[in-house]
$ cat data01.cif   # mmCIF, C-alpha atoms
data_work
#
loop_
_atom_site.label_atom_id
_atom_site.label_comp_id
_atom_site.auth_asym_id
_atom_site.auth_seq_id
_atom_site.Cartn_x
_atom_site.Cartn_y
_atom_site.Cartn_z
CA MET G 1 0.00 0.00 0.00
CA VAL G 2 2.80 2.38 0.96
CA GLY G 3 4.66 1.47 -2.22
CA GLY G 4 1.61 2.29 -4.31
CA ILE G 5 1.25 5.69 -2.68
CA GLY G 6 4.97 6.36 -3.20
CA ALA G 7 4.71 5.44 -6.89
CA GLN G 8 1.70 7.72 -7.30
CA LEU G 9 3.50 10.66 -5.66
CA LEU G 10 6.59 10.04 -7.78
CA ALA G 11 4.50 9.97 -10.95
CA GLU G 12 2.94 13.31 -10.00
CA THR G 13 6.32 14.99 -9.54
CA THR G 14 8.29 13.48 -12.45
CA ASN G 15 7.91 16.59 -14.56
CA LEU G 16 9.02 18.96 -11.81
CA GLU G 17 12.59 20.12 -11.36
CA PHE G 18 14.03 19.96 -7.84
CA GLY G 19 14.28 23.76 -7.74
CA GLU G 20 10.54 24.03 -8.42
CA LEU G 21 9.82 21.67 -5.55
CA CYS G 22 12.03 23.76 -3.25
CA VAL G 23 10.24 26.97 -4.22
CA GLY G 24 6.86 25.31 -3.69
CA LEU G 25 7.78 24.10 -0.22
CA GLN G 26 9.22 27.48 0.72
CA LYS G 27 6.05 29.23 -0.46
CA ASP G 28 3.93 26.88 1.68
CA MET G 29 6.09 27.64 4.71
CA MET G 30 5.86 31.39 4.14
CA HIS G 31 2.10 31.26 3.65
CA SER G 32 1.74 29.71 7.10
CA ALA G 33 4.43 31.80 8.82
CA GLY G 34 1.87 34.26 10.20
CA ARG G 35 -0.27 31.46 11.68
CA LEU G 36 2.35 28.89 12.54
CA LEU G 37 1.16 27.99 16.04
CA HIS G 38 -2.41 29.35 15.83
CA VAL G 39 -1.57 31.50 18.86
CA PRO G 40 -2.03 35.02 17.37
CA LYS G 41 0.22 36.98 19.74
CA ILE G 42 3.13 34.55 19.47
CA ASP G 43 2.58 34.05 15.74
CA ARG G 44 2.91 37.81 15.21
CA ILE G 45 6.26 37.80 17.04
CA LEU G 46 7.46 34.72 15.14
CA SER G 47 6.46 36.12 11.75
CA LEU G 48 8.76 39.09 12.40
CA ALA G 49 11.53 37.09 14.06
CA LEU G 50 11.57 34.63 11.16
CA ASP G 51 11.54 37.56 8.71
CA PHE G 52 8.46 36.23 6.88
CA SER G 53 6.28 39.26 7.60
CA THR G 54 5.33 40.09 4.00
CA PRO G 55 2.50 37.92 2.64
CA ILE G 56 3.09 36.21 -0.69
CA SER G 57 1.19 37.38 -3.73
CA ALA G 58 1.52 36.90 -7.46
CA HIS G 59 3.57 40.11 -7.57
CA ASN G 60 6.13 39.46 -4.83
CA THR G 61 6.73 35.67 -4.96
CA THR G 62 10.19 35.96 -6.50
CA GLN G 63 11.29 38.63 -4.03
CA GLN G 64 9.98 36.68 -1.02
CA VAL G 65 11.70 33.45 -2.03
CA ALA G 66 14.94 35.38 -2.51
CA GLN G 67 14.67 36.76 1.04
CA SER G 68 13.69 33.45 2.67
CA PRO G 69 16.22 30.99 4.12
CA SER G 70 17.66 28.58 1.54
CA ARG G 71 16.47 25.48 3.37
CA LEU G 72 13.49 23.17 3.37
CA TRP G 73 12.90 22.26 7.01
CA GLY G 74 10.38 24.13 9.13
CA PRO G 75 11.09 26.76 11.79
CA VAL G 76 12.78 25.56 15.00
CA ILE G 77 11.55 27.27 18.18
CA GLU G 78 13.08 26.75 21.61
CA ILE G 79 11.10 27.57 24.75
CA THR G 80 13.30 28.06 27.79
CA SER G 81 13.13 29.25 31.39
CA MET G 82 15.37 29.27 34.42
CA ASN G 83 12.77 27.92 36.86
CA THR G 84 10.55 24.88 37.02
CA ALA G 85 6.76 25.21 36.72
CA SER G 86 7.12 28.08 34.25
CA GLY G 87 4.64 26.74 31.71
CA LYS G 88 6.98 25.11 29.15
CA THR G 89 5.19 21.75 29.13
CA HIS G 90 1.82 23.52 29.16
CA ILE G 91 2.72 25.20 25.89
CA VAL G 92 3.48 21.73 24.51
CA TYR G 93 0.02 20.60 25.72
CA TYR G 94 -1.64 23.61 24.13
CA LEU G 95 0.14 23.20 20.79
CA SER G 96 -0.72 19.49 20.78
CA ALA G 97 -4.38 20.42 21.26
CA LEU G 98 -4.43 23.05 18.50
CA CYS G 99 -2.59 20.80 16.04
CA THR G 100 -5.02 17.91 16.42
CA LEU G 101 -8.41 19.57 16.95
CA PRO G 102 -10.62 20.36 13.94
CA ALA G 103 -10.87 23.94 12.73
CA TYR G 104 -14.66 23.98 13.30
CA HIS G 105 -17.35 21.82 14.83
CA HIS G 106 -20.98 22.64 14.00
CA GLY G 107 -19.82 26.05 12.81
CA VAL G 108 -18.01 26.85 16.07
CA SER G 109 -14.32 27.73 15.67
CA LEU G 110 -11.98 25.50 17.67
CA SER G 111 -8.83 27.09 16.15
CA GLY G 112 -7.53 23.63 15.29
CA LYS G 113 -5.55 22.34 12.31
CA SER G 114 -6.89 18.76 11.94
CA SER G 115 -3.29 17.53 11.79
CA ALA G 116 -1.05 15.08 13.64
CA VAL G 117 1.74 15.83 16.09
CA LEU G 118 4.81 13.99 17.40
CA VAL G 119 5.75 14.46 21.06
CA PHE G 120 9.12 13.30 22.39
CA ASP G 121 8.71 13.20 26.17
CA THR G 122 12.29 12.93 27.42
CA ASP G 123 11.74 13.54 31.14
CA GLY G 124 8.39 11.83 31.73
CA ARG G 125 6.46 15.03 32.43
CA PHE G 126 4.00 14.85 29.53
CA ASP G 127 0.73 13.64 31.08
CA VAL G 128 -1.97 12.38 28.68
CA HIS G 129 -4.66 12.91 31.33
CA ARG G 130 -3.62 16.54 31.63
CA LEU G 131 -3.72 16.92 27.86
CA ARG G 132 -7.22 15.44 27.79
CA ALA G 133 -8.38 17.92 30.43
CA ILE G 134 -6.89 20.85 28.50
CA LEU G 135 -8.53 19.65 25.28
CA ARG G 136 -11.94 19.42 26.94
CA SER G 137 -11.58 22.82 28.59
CA HIS G 138 -10.58 24.43 25.29
CA ILE G 139 -13.54 22.92 23.42
CA LEU G 140 -16.01 23.95 26.13
CA HIS G 141 -14.64 27.50 26.19
CA CYS G 142 -15.05 27.78 22.40
CA PHE G 143 -18.71 26.73 22.65
CA GLU G 144 -19.40 29.00 25.62
CA ALA G 145 -18.56 32.03 23.45
CA GLY G 146 -21.58 31.43 21.19
CA PRO G 147 -25.18 30.23 21.24
CA MET G 148 -24.34 26.62 20.29
CA ARG G 149 -23.97 23.95 22.95
CA ILE G 150 -22.13 20.66 22.82
CA SER G 151 -23.32 17.36 24.28
CA ALA G 152 -21.17 15.27 26.61
CA GLN G 153 -20.94 12.56 23.94
CA GLU G 154 -19.76 15.01 21.29
CA LEU G 155 -17.23 16.45 23.70
CA ASP G 156 -15.83 12.97 24.39
CA ASN G 157 -15.74 12.11 20.67
CA ILE G 158 -13.86 15.28 19.64
CA THR G 159 -11.40 14.89 22.52
CA GLN G 160 -10.68 11.24 21.74
CA SER G 161 -10.35 11.96 18.04
CA ALA G 162 -7.71 14.62 18.78
CA LEU G 163 -5.82 12.31 21.15
CA ASP G 164 -5.68 9.62 18.45
CA HIS G 165 -3.35 11.89 16.47
CA VAL G 166 -0.92 12.74 19.29
CA HIS G 167 1.97 10.30 18.84
CA ILE G 168 4.05 10.14 22.03
CA PHE G 169 7.57 8.71 22.21
CA ARG G 170 9.45 8.35 25.51
CA PRO G 171 13.19 7.89 24.93
CA GLN G 172 15.27 6.86 27.94
CA SER G 173 18.61 8.15 26.68
CA SER G 174 20.02 10.33 23.92
CA ARG G 175 20.94 7.18 21.98
CA SER G 176 17.40 5.82 22.22
CA MET G 177 16.10 9.19 21.04
CA VAL G 178 18.36 8.96 17.99
CA GLU G 179 16.97 5.49 17.22
CA MET G 180 13.38 6.67 17.70
CA LEU G 181 13.91 9.64 15.39
CA LYS G 182 15.57 7.38 12.83
CA GLY G 183 12.53 5.09 12.76
CA THR G 184 9.82 7.74 12.97
CA ALA G 185 9.43 8.25 9.21
CA THR G 186 8.93 4.50 8.74
CA TYR G 187 6.37 4.51 11.55
CA LEU G 188 4.42 7.40 10.02
CA LEU G 189 4.40 5.82 6.57
CA ASN G 190 3.17 2.48 7.95
CA LEU G 191 -0.46 3.50 7.57
CA GLY G 192 -1.85 0.37 9.20
CA ILE G 193 -0.53 0.98 12.71
CA HIS G 194 -1.94 4.44 13.47
CA LYS G 195 -4.97 6.59 12.64
CA SER G 196 -3.19 9.61 11.15
CA SER G 197 -2.86 8.35 7.57
CA GLN G 198 -5.24 11.05 6.29
CA ARG G 199 -3.59 13.88 8.20
CA ARG G 200 -0.41 15.87 7.66
CA LEU G 201 2.25 16.04 10.34
CA ASP G 202 2.13 19.61 11.61
CA ALA G 203 4.57 19.69 14.53
CA ILE G 204 7.43 17.85 16.20
CA LEU G 205 7.48 18.72 19.92
CA VAL G 206 10.46 17.82 22.13
CA ASP G 207 9.70 18.31 25.81
CA GLY G 208 13.02 18.47 27.69
CA MET G 209 15.83 18.71 25.14
CA SER G 210 18.58 18.67 27.78
CA ALA G 211 17.17 15.73 29.78
CA PHE G 212 20.08 13.42 28.88
CA TYR G 213 22.83 15.96 28.35
CA TRP G 214 24.51 15.97 31.76
CA GLN G 215 24.34 12.18 32.12
CA ASP G 216 25.94 11.87 28.69
CA ARG G 217 28.77 14.19 29.68
CA PHE G 218 29.34 12.24 32.89
CA ASN G 219 29.39 8.89 31.06
CA TRP G 220 31.99 10.10 28.56
CA VAL G 221 34.40 11.66 31.07
CA GLY G 222 37.58 9.60 31.22
CA THR G 223 36.92 7.77 27.97
CA GLU G 224 39.13 7.96 24.89
CA LYS G 225 36.89 10.55 23.19
CA GLY G 226 36.32 12.52 26.37
CA VAL G 227 33.47 15.02 26.62
CA THR G 228 33.40 15.44 22.83
CA GLY G 229 32.10 11.90 22.55
CA SER G 230 28.89 12.96 24.28
CA LEU G 231 28.20 15.44 21.48
CA GLU G 232 27.85 12.85 18.72
CA ASN G 233 24.30 11.88 19.62
CA TYR G 234 23.23 15.53 19.53
CA ASP G 235 24.60 15.91 16.01
CA LEU G 236 22.47 12.90 15.07
CA ILE G 237 19.39 14.25 16.89
CA VAL G 238 19.66 17.51 14.94
CA HIS G 239 20.22 15.57 11.71
CA TYR G 240 17.12 13.37 12.11
CA LEU G 241 14.92 16.21 13.36
CA ARG G 242 15.90 18.22 10.29
CA ALA G 243 15.22 15.21 8.03
CA LEU G 244 11.76 14.65 9.59
CA SER G 245 10.84 18.30 9.31
CA THR G 246 12.00 18.37 5.70
CA SER G 247 10.13 15.20 4.73
CA PHE G 248 6.82 16.09 6.36
CA GLY G 249 6.86 19.91 6.38
CA ALA G 250 6.53 20.13 10.16
CA PHE G 251 7.77 22.87 12.48
CA ILE G 252 9.76 21.98 15.61
CA VAL G 253 9.24 23.23 19.16
CA SER G 254 11.58 22.19 21.97
CA THR G 255 11.64 23.03 25.67
CA ASN G 256 14.89 23.52 27.52
CA TRP G 257 16.37 24.89 30.75
CA GLY G 258 18.07 28.27 30.80
CA LEU G 259 21.10 27.96 33.06
CA HIS G 260 23.45 30.80 32.10
CA ILE G 261 22.22 34.37 31.78
CA ASN G 262 23.70 36.07 28.74
CA ASP G 263 24.56 39.54 30.03
CA ALA G 264 26.81 40.62 27.17
CA VAL G 265 26.68 44.27 26.18
CA PRO G 266 26.88 45.83 22.70
CA ASP G 267 30.32 46.27 21.11
CA SER G 268 31.75 43.39 23.14
CA PRO G 269 32.69 40.14 21.34
CA GLU G 270 29.84 38.31 23.09
CA ALA G 271 27.31 40.83 21.82
CA ARG G 272 28.08 40.35 18.13
CA ASN G 273 26.58 37.88 15.72
CA THR G 274 28.54 35.71 13.29
CA VAL G 275 29.19 38.57 10.88
CA GLY G 276 30.35 40.96 13.59
CA THR G 277 27.29 43.18 13.69
CA PRO G 278 26.37 44.45 17.20
CA ILE G 279 23.08 43.16 18.52
CA THR G 280 20.84 44.63 21.17
CA ALA G 281 21.79 44.15 24.81
CA VAL G 282 19.55 42.15 27.08
CA SER G 283 17.57 44.03 29.66
CA PRO G 284 17.96 42.73 33.24
CA ALA G 285 14.16 42.61 33.37
CA SER G 286 14.04 40.35 30.29
CA PRO G 287 17.18 38.17 30.45
CA ALA G 288 18.39 35.82 27.75
CA PHE G 289 20.25 32.56 28.27
CA ARG G 290 23.34 31.10 26.66
CA SER G 291 22.67 27.55 25.54
CA HIS G 292 24.48 24.85 27.50
CA LEU G 293 23.73 22.30 24.79
CA PRO G 294 26.24 21.54 22.01
CA SER G 295 26.71 24.19 19.34
CA CYS G 296 24.97 22.04 16.72
CA TRP G 297 21.72 22.55 18.64
CA ALA G 298 22.26 26.28 19.21
CA LYS G 299 22.80 26.75 15.46
CA PHE G 300 19.70 24.67 14.68
CA VAL G 301 17.34 26.88 16.73
CA ASP G 302 15.78 29.81 14.84
CA VAL G 303 13.90 31.61 17.61
CA LYS G 304 14.14 31.32 21.37
CA LEU G 305 11.15 32.20 23.55
CA ILE G 306 11.81 32.75 27.26
CA LEU G 307 9.22 32.18 29.98
CA GLU G 308 9.11 33.41 33.56
CA ARG G 309 6.45 32.72 36.15
CA SER G 310 5.30 35.61 38.29
CA ALA G 311 6.41 33.85 41.48
CA PRO G 312 9.19 31.41 40.60
CA THR G 313 9.88 28.61 43.06
CA THR G 314 13.21 26.83 43.41
CA ASN G 315 14.41 24.05 45.70
CA ARG G 316 17.34 24.59 48.03
CA ARG G 317 20.00 21.89 48.36
CA GLU G 318 19.20 21.30 52.03
CA VAL G 319 15.56 20.45 51.34
CA SER G 320 14.82 16.75 52.05
CA THR G 321 13.40 14.42 49.39
CA GLY G 322 9.99 14.34 51.07
CA LYS G 323 9.78 18.11 51.34
CA GLY G 324 11.12 18.42 47.81
CA MET G 325 8.25 16.29 46.49
CA GLN G 326 5.77 18.39 48.46
CA LYS G 327 7.28 21.52 47.01
CA ARG G 328 7.15 20.06 43.50
CA ASN G 329 3.43 19.37 43.92
CA ALA G 330 2.96 22.89 45.23
CA THR G 331 4.78 24.40 42.22
CA GLN G 332 2.66 22.33 39.84
CA LEU G 333 -0.44 23.70 41.57
CA ALA G 334 1.02 27.20 41.43
CA THR G 335 1.56 26.84 37.69
CA LYS G 336 -2.18 26.37 37.33
CA GLN G 337 -2.85 29.61 39.19
CA HIS G 338 -0.22 32.09 38.03
CA GLU G 339 0.29 34.24 35.00
CA ILE G 340 3.41 33.58 32.99
CA CYS G 341 5.29 36.21 31.04
CA GLY G 342 7.17 35.37 27.85
CA TRP G 343 9.40 37.25 25.44
CA VAL G 344 11.54 36.59 22.41
CA ASP G 345 15.33 36.52 22.67
CA ILE G 346 16.43 38.80 19.85
CA ARG G 347 20.01 37.57 20.01
CA GLY G 348 20.90 35.51 16.97
CA LEU G 349 18.09 36.94 14.85
CA SER G 350 18.87 38.59 11.54
CA ILE G 351 19.49 42.33 11.56
CA ARG G 352 16.35 42.78 9.48
CA ALA G 353 14.32 40.82 12.05
CA GLN G 354 15.74 42.95 14.87
CA VAL G 355 14.70 46.08 12.99
CA LEU G 356 11.20 44.68 12.44
CA LEU G 357 10.90 43.81 16.13
CA LYS G 358 12.29 47.14 17.33
CA ASP G 359 8.92 48.91 17.34
CA GLU G 360 6.86 45.82 18.19
CA SER G 361 5.99 44.32 21.54
CA THR G 362 8.13 41.22 21.88
CA THR G 363 6.37 39.99 25.01
CA PHE G 364 3.29 37.87 25.57
CA HIS G 365 1.40 36.58 28.60
CA MET G 366 0.06 33.12 29.28
CA LYS G 367 -2.51 32.47 31.98
CA ILE G 368 -3.13 28.95 33.24
CA ASP G 369 -6.33 28.76 35.23
CA GLY G 370 -7.08 25.15 36.11
CA ASP G 371 -7.39 23.35 32.77
CA ARG G 372 -7.81 26.57 30.78
CA ILE G 373 -4.84 28.13 28.97
CA GLU G 374 -5.08 31.66 27.54
CA PHE G 375 -2.60 33.85 25.69
CA GLU G 376 -2.60 37.62 25.36
#
$ encode --input "data01.cif" --output "structure tokens"
Amino acid sequence: MVGGIGAQLLAETTNLEFGELCVGLQKDMMHSAGRLLHVPKIDRILSLALDFSTPISAHNTTQQVAQSPSRLWGPVIEITSMNTASGKTHIVYYLSALCTLPAYHHGVSLSGKSSAVLVFDTDGRFDVHRLRAILRSHILHCFEAGPMRISAQELDNITQSALDHVHIFRPQSSRSMVEMLKGTATYLLNLGIHKSSQRRLDAILVDGMSAFYWQDRFNWVGTEKGVTGSLENYDLIVHYLRALSTSFGAFIVSTNWGLHINDAVPDSPEARNTVGTPITAVSPASPAFRSHLPSCWAKFVDVKLILERSAPTTNRREVSTGKGMQKRNATQLATKQHEICGWVDIRGLSIRAQVLLKDESTTFHMKIDGDRIEFE
């Protein structure tokens, strides 16, 4: 069956040059740049940060393609914060919901994409029951805004249908993540083992990119390759993520910890991009973080969004395990009750993108109230 589909697709593209295919894919990416996540406030920031702010028309196609990146994989967005319970995983929940829900149900907008999504849960924090609750809350909120009502059976059916297209992988090491990524394309093209054969893959979500990094470094210390040996798997992770994104036209969102505040100032070596052009300094009120991951990952990321909870909570070293677990539960509860502020890290963006963002608000707010997530 898969072979037949492949032959059909090949027959449809035999008369196209590779350059034409590239232009077509780039045009599709640019068309969706302003509605990438279906979160209007963040999409506006991303459209400027990715320098895809001008819509394509019959008159400016050539100019837009010339200005766009000469690559075929989708945008790579990293969401980072210094503290736990800052809403990173909740953004992954929310994006999973929007990717898999339908656009409309009985004429009521659900803001969905009717697509499929891959979730790589590296630290075991991605809870399907929590995702189900967020899905149900989102659907109910959409119906509450209008005169239509939804039955309990319909609510269950829409929720379950969305969950059927959330494909969750739980690697236990960086090597197992490499193997999972390597086999993901085969899994997706095996149409008999999942229900997403009629849907496009919209997003690849990695929750906890640095989950295995420090263990990898520890394991390689004292070996022949030393610490550099721990970097090989990350080169492969980037390679297979790029290949998946290219093959299926999906964007990538990853969560990560911010450990080192980047406090470089303009005109210092740290405050210049690769071509030596000064970039804007980071305000103490809106810090940016240097990536602790290998450089291959830092170069792979296009835009970094930073989150901060209004009342961050951290554990002290002297806190016992029992009290630490109690505090973790308390922070999870606090995440459901606090507003979270986010902003874009303009470091590493093109000069044109920095100019576009200069007069725009680069911040957004996320409110998590029980199972309801709102952005403004």
$ resolve_selection --input "data01.cif" --expression "the PyMOL selection byres ((chain G and resi 153-155) around 10)" --output "number ranges by chain"
G: 105, 135-137, 139-140, 150-152, 156-161
$ residues_around --input "data01.cif" --residues "Trp297 (chain G)" --least-positions-apart "5" --cutoff "8 Å" --atoms "all atoms listed in the file" --output "compact mmCIF listing (two decimals) with C-alpha atoms, in the coordinates of the input"
# COMPACT_ATOMS: atom_id res chain seq x y z
CA TYR G 234 23.23 15.53 19.53
CA ASP G 235 24.60 15.91 16.01
CA VAL G 238 19.66 17.51 14.94
$ closest_residue --input "data01.cif" --among "G:Asn233, G:Thr89, G:Gln198, G:Thr255" --to "Val303 (chain G)" --atoms "all atoms listed in the file"
G:Thr255
$ closest_residue --input "data01.cif" --among "G:Lys88, G:Ala203, G:Leu131, G:Leu191" --to "Ser114 (chain G)" --atoms "only C-alpha atoms"
G:Ala203
$ closest_residue --input "data01.cif" --among "G:Lys182, G:Lys41, G:Arg199, G:Arg175" --to "Tyr240 (chain G)" --atoms "all atoms listed in the file"
G:Lys182
$ atom_distance --input "data01.cif" --atom1 "CA of Gln215 (chain G)" --atom2 "CA of Leu293 (chain G)"
12.5 Å
$ resolve_selection --input "data01.cif" --expression "the PyMOL selection byres ((chain G and resi 87) around 12)" --output "number ranges by chain"
G: 79-86, 88-94, 125, 207, 255-257, 305-310, 312, 331-342, 365-369, 373-375
$ resolve_selection --input "data01.cif" --expression "the PyMOL selection byres ((chain G and resi 50) around 8)" --output "NGL selection string"
:G and (46-49 or 51-53 or 75 or 302-303 or 349 or 353)
$ write_last_selection --input "data01.cif" --atoms "C-alpha atoms" --output "short mmCIF file (atom, residue, chain, number, x, y, z; two decimals), in the frame of the given file"
data_model
loop_
_atom_site.label_atom_id
_atom_site.label_comp_id
_atom_site.auth_asym_id
_atom_site.auth_seq_id
_atom_site.Cartn_x
_atom_site.Cartn_y
_atom_site.Cartn_z
CA LEU G 46 7.46 34.72 15.14
CA SER G 47 6.46 36.12 11.75
CA LEU G 48 8.76 39.09 12.40
CA ALA G 49 11.53 37.09 14.06
CA ASP G 51 11.54 37.56 8.71
CA PHE G 52 8.46 36.23 6.88
CA SER G 53 6.28 39.26 7.60
CA PRO G 75 11.09 26.76 11.79
CA ASP G 302 15.78 29.81 14.84
CA VAL G 303 13.90 31.61 17.61
CA LEU G 349 18.09 36.94 14.85
CA ALA G 353 14.32 40.82 12.05
#
$ closest_residue --input "data01.cif" --among "G:Glu232, G:Asp121, G:Glu376, G:Glu144" --to "Gly208 (chain G)" --atoms "all atoms listed in the file"
G:Asp121
$ atom_distance --input "data01.cif" --atom1 "CA of Leu37 (chain G)" --atom2 "CA of Val355 (chain G)"
22.8 Å
$ atom_distance --input "data01.cif" --atom1 "CA of Ala288 (chain G)" --atom2 "CA of Ser174 (chain G)"
25.8 Å
$ closest_residue --input "data01.cif" --among "G:Leu236, G:Ile193, G:Ile204, G:Leu163" --to "Val76 (chain G)" --atoms "only C-alpha atoms"
G:Ile204
$ closest_residue --input "data01.cif" --among "G:Gly146, G:Ser96, G:Ile42, G:Phe218" --to "Arg132 (chain G)" --atoms "only C-alpha atoms"
G:Ser96
$ decode --input "data01.cif" --residues "region 293-312 of chain G" --atoms "N, CA and C atoms" --output "JSON list (two decimals), in the first residue's frame"
[["chain", "number", "residue", "atom", "x", "y", "z"],
["G", 293, "LEU", "N", 23.70, 23.45, 25.68],
["G", 293, "LEU", "CA", 23.73, 22.30, 24.79],
["G", 293, "LEU", "C", 24.82, 22.50, 23.73],
["G", 294, "PRO", "N", 25.20, 21.42, 23.04],
["G", 294, "PRO", "CA", 26.24, 21.54, 22.01],
["G", 294, "PRO", "C", 25.89, 22.57, 20.95],
["G", 295, "SER", "N", 26.91, 23.11, 20.30],
["G", 295, "SER", "CA", 26.71, 24.19, 19.34],
["G", 295, "SER", "C", 25.84, 23.78, 18.17],
["G", 296, "CYS", "N", 25.82, 22.48, 17.84],
["G", 296, "CYS", "CA", 24.97, 22.04, 16.72],
["G", 296, "CYS", "C", 23.51, 22.34, 17.01],
["G", 297, "TRP", "N", 23.11, 22.25, 18.28],
["G", 297, "TRP", "CA", 21.72, 22.55, 18.64],
["G", 297, "TRP", "C", 21.48, 24.06, 18.62],
["G", 298, "ALA", "N", 22.41, 24.82, 19.19],
["G", 298, "ALA", "CA", 22.26, 26.28, 19.21],
["G", 298, "ALA", "C", 22.13, 26.83, 17.79],
["G", 299, "LYS", "N", 22.87, 26.28, 16.84],
["G", 299, "LYS", "CA", 22.80, 26.75, 15.46],
["G", 299, "LYS", "C", 21.50, 26.31, 14.79],
["G", 300, "PHE", "N", 20.92, 25.22, 15.27],
["G", 300, "PHE", "CA", 19.70, 24.67, 14.68],
["G", 300, "PHE", "C", 18.47, 25.50, 15.04],
["G", 301, "VAL", "N", 18.49, 26.12, 16.23],
["G", 301, "VAL", "CA", 17.34, 26.88, 16.73],
["G", 301, "VAL", "C", 17.23, 28.21, 15.98],
["G", 302, "ASP", "N", 16.02, 28.54, 15.52],
["G", 302, "ASP", "CA", 15.78, 29.81, 14.84],
["G", 302, "ASP", "C", 15.38, 30.91, 15.80],
["G", 303, "VAL", "N", 14.45, 30.61, 16.69],
["G", 303, "VAL", "CA", 13.90, 31.61, 17.61],
["G", 303, "VAL", "C", 13.82, 30.99, 19.00],
["G", 304, "LYS", "N", 14.23, 31.78, 19.98],
["G", 304, "LYS", "CA", 14.14, 31.32, 21.37],
["G", 304, "LYS", "C", 13.13, 32.18, 22.12],
["G", 305, "LEU", "N", 12.13, 31.53, 22.70],
["G", 305, "LEU", "CA", 11.15, 32.20, 23.55],
["G", 305, "LEU", "C", 11.48, 31.88, 25.01],
["G", 306, "ILE", "N", 11.44, 32.90, 25.85],
["G", 306, "ILE", "CA", 11.81, 32.75, 27.26],
["G", 306, "ILE", "C", 10.57, 32.98, 28.12],
["G", 307, "LEU", "N", 10.37, 32.10, 29.09],
["G", 307, "LEU", "CA", 9.22, 32.18, 29.98],
["G", 307, "LEU", "C", 9.67, 32.45, 31.41],
["G", 308, "GLU", "N", 8.84, 33.18, 32.14],
["G", 308, "GLU", "CA", 9.11, 33.41, 33.56],
["G", 308, "GLU", "C", 7.78, 33.50, 34.30],
["G", 309, "ARG", "N", 7.66, 32.69, 35.34],
["G", 309, "ARG", "CA", 6.45, 32.72, 36.15],
["G", 309, "ARG", "C", 6.51, 33.90, 37.11],
["G", 310, "SER", "N", 5.34, 34.41, 37.46],
["G", 310, "SER", "CA", 5.30, 35.61, 38.29],
["G", 310, "SER", "C", 5.90, 35.38, 39.67],
["G", 311, "ALA", "N", 5.83, 34.16, 40.17],
["G", 311, "ALA", "CA", 6.41, 33.85, 41.48],
["G", 311, "ALA", "C", 7.20, 32.57, 41.39],
["G", 312, "PRO", "N", 8.42, 32.63, 40.80],
["G", 312, "PRO", "CA", 9.19, 31.41, 40.60],
["G", 312, "PRO", "C", 9.55, 30.73, 41.91]]
